[in-house]
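**Q** This is final_34.txt (compact mmCIF, C-alpha atoms).
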# COMPACT_ATOMS: atom_id res chain seq x y z
CA MET N 1 8.88 170.34 140.32
CA LYS N 2 5.26 169.31 140.68
CA LYS N 3 4.48 166.44 143.04
CA SER N 4 1.87 163.96 141.89
CA LEU N 5 -0.60 162.00 143.97
CA CYS N 6 0.48 158.52 144.89
CA ALA N 7 -1.69 155.60 146.00
CA ASP N 8 -0.82 156.26 149.66
CA ASP N 9 -2.06 159.86 149.39
CA LEU N 10 -5.34 158.74 147.86
CA GLU N 11 -5.75 156.10 150.55
CA ILE N 12 -5.19 158.64 153.35
CA ILE N 13 -7.55 161.15 151.75
CA GLU N 14 -10.23 158.47 151.40
CA LYS N 15 -9.65 157.24 154.95
CA TYR N 16 -10.20 160.61 156.65
CA SER N 17 -12.47 162.38 154.17
CA ASN N 18 -15.77 161.77 155.97
CA MET N 19 -14.31 162.54 159.39
CA VAL N 20 -12.76 165.84 158.21
CA TYR N 21 -15.97 166.93 156.47
CA ARG N 22 -18.19 166.05 159.46
CA MET N 23 -15.87 167.91 161.84
CA ALA N 24 -15.81 170.98 159.60
CA TYR N 25 -19.57 170.89 159.15
CA SER N 26 -20.20 170.58 162.88
CA MET N 27 -18.08 173.66 163.50
CA VAL N 28 -19.12 175.99 160.65
CA LYS N 29 -22.74 174.83 160.25
CA CYS N 30 -22.81 175.37 156.50
CA ARG N 31 -22.32 172.69 153.86
CA GLU N 32 -20.52 174.93 151.37
CA ASP N 33 -18.09 176.35 153.94
CA ALA N 34 -17.44 172.85 155.30
CA GLU N 35 -16.63 171.67 151.78
CA ASP N 36 -14.15 174.53 151.36
CA ILE N 37 -12.46 173.69 154.65
CA HIS N 38 -12.47 169.98 153.77
CA GLN N 39 -10.67 170.78 150.53
CA GLU N 40 -8.18 173.10 152.24
CA VAL N 41 -7.23 170.38 154.75
CA TYR N 42 -6.16 168.11 151.90
CA ILE N 43 -4.36 170.90 150.07
CA ARG N 44 -2.32 171.47 153.23
CA TYR N 45 -1.69 167.76 153.57
CA LEU N 46 -0.42 167.54 150.00
CA LYS N 47 1.76 170.65 150.36
CA LYS N 48 3.33 169.66 153.68
CA ARG N 49 3.43 165.88 153.24
CA PRO N 50 3.78 165.30 157.00
CA VAL N 51 5.35 162.11 158.27
CA PHE N 52 3.17 160.43 160.87
CA GLU N 53 4.40 158.34 163.78
CA ASN N 54 1.28 156.15 163.80
CA THR N 55 -2.40 156.18 162.81
CA GLU N 56 -3.37 158.02 166.00
CA HIS N 57 -0.93 160.81 165.12
CA GLU N 58 -2.25 160.82 161.55
CA LYS N 59 -5.89 161.14 162.69
CA ALA N 60 -4.98 163.83 165.23
CA TRP N 61 -3.15 165.83 162.55
CA PHE N 62 -6.21 165.89 160.27
CA LEU N 63 -8.53 166.83 163.14
CA ARG N 64 -6.19 169.56 164.42
CA VAL N 65 -5.81 171.10 160.94
CA THR N 66 -9.59 170.96 160.44
CA ILE N 67 -10.25 172.63 163.79
CA ASN N 68 -7.64 175.32 163.12
CA LEU N 69 -9.10 176.06 159.69
CA CYS N 70 -12.58 176.33 161.24
CA LYS N 71 -11.25 178.79 163.82
CA ASN N 72 -9.57 180.77 161.03
CA PHE N 73 -12.88 180.75 159.14
CA TRP N 74 -14.77 182.31 162.07
CA SER N 75 -12.09 184.92 162.72
CA SER N 76 -11.64 185.91 159.06
CA ALA N 77 -12.35 189.48 158.02
CA TRP N 78 -15.17 188.22 155.81
CA MET N 79 -17.02 186.53 158.68
CA GLN N 80 -16.50 189.56 160.92
CA ARG N 81 -18.40 191.72 158.42
CA VAL N 82 -21.08 189.32 157.15
CA ILE N 83 -24.58 189.78 158.52
CA GLY N 84 -26.12 186.48 159.65
CA LEU N 85 -28.95 184.99 157.65
CA THR N 86 -32.39 184.63 159.15
CA GLU N 87 -33.80 181.22 160.01
CA GLU N 88 -36.18 181.43 157.04
CA THR N 89 -33.29 181.98 154.63
CA MET N 90 -31.22 179.22 156.21
CA ALA N 91 -34.10 176.72 155.94
CA GLY N 92 -33.63 176.42 152.17
CA ALA N 93 -29.92 175.72 152.52
CA GLN N 94 -30.49 173.09 155.19
CA GLU N 95 -33.36 171.12 153.66
CA ASP N 96 -31.48 167.85 153.84
CA LEU N 97 -30.86 168.18 157.60
CA HIS N 98 -33.88 166.82 159.41
CA ASP N 99 -32.08 165.34 162.35
CA GLU N 100 -33.24 167.32 165.40
CA LEU N 101 -30.30 166.27 167.51
CA LEU N 102 -27.75 167.37 164.94
CA ASP N 103 -29.48 170.72 164.63
CA THR N 104 -29.45 171.11 168.39
CA VAL N 105 -25.76 170.20 168.62
CA LYS N 106 -25.06 172.95 166.10
CA LYS N 107 -26.58 175.46 168.52
CA LEU N 108 -23.99 174.69 171.16
CA PRO N 109 -21.00 177.03 171.61
CA LYS N 110 -18.01 176.09 169.42
CA ARG N 111 -15.93 174.61 172.25
CA TYR N 112 -18.79 172.27 173.20
CA ARG N 113 -19.59 171.29 169.60
CA ALA N 114 -16.01 170.14 169.09
CA VAL N 115 -15.88 167.87 172.15
CA ILE N 116 -19.36 166.44 171.49
CA HIS N 117 -18.49 165.74 167.87
CA LEU N 118 -15.15 164.11 168.68
CA PHE N 119 -16.55 162.06 171.56
CA TYR N 120 -19.80 160.82 170.01
CA TYR N 121 -19.31 161.00 166.24
CA GLU N 122 -15.60 160.16 166.01
CA GLU N 123 -15.71 157.90 169.09
CA MET N 124 -12.52 159.34 170.53
CA SER N 125 -11.59 158.97 174.18
CA VAL N 126 -11.32 161.96 176.51
CA GLU N 127 -7.53 161.59 176.45
CA GLU N 128 -7.43 161.56 172.64
CA ILE N 129 -9.67 164.61 172.47
CA GLY N 130 -7.41 166.38 174.94
CA LYS N 131 -4.37 165.72 172.75
CA VAL N 132 -6.15 166.93 169.60
CA LEU N 133 -7.51 170.09 171.22
CA GLY N 134 -4.45 170.78 173.36
CA GLU N 135 -6.47 170.51 176.57
CA LYS N 136 -6.12 168.46 179.74
CA PRO N 137 -8.41 165.41 179.95
CA SER N 138 -10.09 166.96 183.00
CA THR N 139 -10.93 170.06 180.94
CA VAL N 140 -12.40 167.87 178.19
CA ARG N 141 -14.51 165.97 180.75
CA THR N 142 -15.78 169.28 182.15
CA GLN N 143 -16.62 170.54 178.67
CA LEU N 144 -18.45 167.29 177.88
CA THR N 145 -20.47 167.54 181.08
CA ARG N 146 -21.38 171.15 180.37
CA ALA N 147 -22.14 170.39 176.73
CA ARG N 148 -24.48 167.54 177.70
CA SER N 149 -26.24 169.78 180.20
CA LYS N 150 -26.63 172.57 177.64
CA LEU N 151 -27.79 170.05 175.04
CA LYS N 152 -30.42 168.74 177.44
CA GLU N 153 -31.68 172.29 178.09
CA LEU N 154 -31.91 173.02 174.37
CA LEU N 155 -33.74 169.78 173.63
CA GLU N 156 -36.24 170.41 176.43
CA GLU N 157 -36.94 173.90 175.05
CA GLU N 158 -37.86 172.40 171.69
Is it possible to give me this structure as C-alpha cells?
**A**
Amino acid sequence: MKKSLCADDLEIIEKYSNMVYRMAYSMVKCREDAEDIHQEVYIRYLKKRPVFENTEHEKAWFLRVTINLCKNFWSSAWMQRVIGLTEETMAGAQEDLHDELLDTVKKLPKRYRAVIHLFYYEEMSVEEIGKVLGEKPSTVRTQLTRARSKLKELLEEE
C-alpha cells in the first residue's frame, strides 16, 4: 500500500529543507551532490516516518541523517575512485559562490566544517551540536576552537 504525503509531511519538509541542503552543501562542497543528499534525507524520512519527541529531536534527526549521508557519500566506492577536479574546472561549477568566507570554510577538514556550520549557520549550542554529532560538549568546544584557528590561518593566507 502506497503512503501519500500529508500536510504535516509537507510542513516538516518545508521547515527543514534549507537547513538540510546547507548542511549537505557545507560537507560535500558540490551543489549537485548536496541536492542528491537533500533529496535522500526526505526519502528516508518518508520511508521511516519517525515519531519525534519534540522539535529539538526532529531537527537533530534531520541533521544526523544528513551528516550520515554525507559521510556515506565520501566513503562510497565512486568517490574512492574519482579523480578530483582542478580549481579551473571547479570555477565554472561554483560561479554563484562569491563569498570568500564560505569558500574558506569549505577548505576546513570535515569534522571542523560540521561544527562551524552547526554553530554559526544553524545557531545551535555546543550541547545541541554534541547531541547531533554524538560527541561530548567539551569535544565540540575543542573542535570549534581548532576550527576557528584554522579558519583564521586560511583567511590570512588569502
**Q** When you draw a straight line from atom CA of Leu102 of chain N to atom CA of Ser125 of chain N, how long is it in Å?
**A**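 According to the coordinates, atom CA of Leu102 of chain N and atom CA of Ser125 of chain N are separated by 20.4 Å.
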**Q** Would you mind telling me which residue in N:Asn68, N:Glu157, N:Thr139, N:Tyr42 lies nearest to Thr104 of chain N when using all atoms listed in the file?
**A**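 The answer is N:Glu157, which sits nearest to Thr104 of chain N.
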**Q** Name the residues in contact with segment 126-131 of chain N at a cut-off of 12 Å, using all atoms listed in the file, excluding same-chain residues fewer than 2 positions from it; report them as a PyMOL selection string.
**A** chain N and resi 56-57+59-61+63-64+67+111-112+114-120+122-124+133-145
**Q** Find the distance between atom CA of Lys110 of chain N and atom CA of Arg22 of chain N and write it in Å to one decimal.
**A**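 Taking atom CA of Lys110 of chain N and atom CA of Arg22 of chain N, their separation equals 14.1 Å.
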**Q** Given the choices N:Cys70, N:Leu151, N:Val132, N:Val65, which gets closest to Pro109 of chain N if the distance is worked out from only C-alpha atoms?
**A**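 For Pro109 of chain N, the nearest of the given residues is N:Leu151.
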**Q** Please compute the atom CA of Lys71 of chain N-atom CA of Arg49 of chain N distance, one decimal, in Å.
**A**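 If I compute the distance from atom CA of Lys71 of chain N to atom CA of Arg49 of chain N, I get 22.2 Å.
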**Q** Find, counting only C-alpha atoms, the residue in N:Cys30, N:Ala147, N:Cys6, N:Val20 that gets nearest to Phe73 of chain N.
**A**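 When distances to Phe73 of chain N are compared using only C-alpha atoms, the smallest one comes from N:Cys30.
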**Q** Using only C-alpha atoms, which of N:Arg148, N:Arg44, N:Arg31, N:Arg113 sits nearest Thr66 of chain N?
**A**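 Of N:Arg148, N:Arg44, N:Arg31, N:Arg113, the one nearest Thr66 of chain N, counting only C-alpha atoms, is N:Arg44.
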**Q** Within 7 Å of (-19.5, 174.1, 163.8) (coordinates as in the file), grab all the protein and nucleic acid residues, counting all atoms listed in the file, and write them out as a ChimeraX atom specification.
**A** /N:24-29,106,110,113
**Q** Write out the residues from the selection above, keeping C-alpha atoms, as a PDB file, in the frame of the given file.
**A**
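Written output follows (again-v4.pdb):
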ATOM      1  CA  ALA N  24     -15.810 170.980 159.600  1.00  0.00           C
ATOM      2  CA  TYR N  25     -19.570 170.890 159.150  1.00  0.00           C
ATOM      3  CA  SER N  26     -20.200 170.580 162.880  1.00  0.00           C
ATOM      4  CA  MET N  27     -18.080 173.660 163.500  1.00  0.00           C
ATOM      5  CA  VAL N  28     -19.120 175.990 160.650  1.00  0.00           C
ATOM      6  CA  LYS N  29     -22.740 174.830 160.250  1.00  0.00           C
ATOM      7  CA  LYS N 106     -25.060 172.950 166.100  1.00  0.00           C
ATOM      8  CA  LYS N 110     -18.010 176.090 169.420  1.00  0.00           C
ATOM      9  CA  ARG N 113     -19.590 171.290 169.600  1.00  0.00           C
TER      10      ARG N 113
END
**Q** Counting all atoms listed in the file, which residue out of N:Tyr121, N:Leu155, N:Asn18, N:Glu58 sits closest to Ala34 of chain N?
**A**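 Looking only at the distances to Ala34 of chain N, the closest residue turns out to be N:Asn18.
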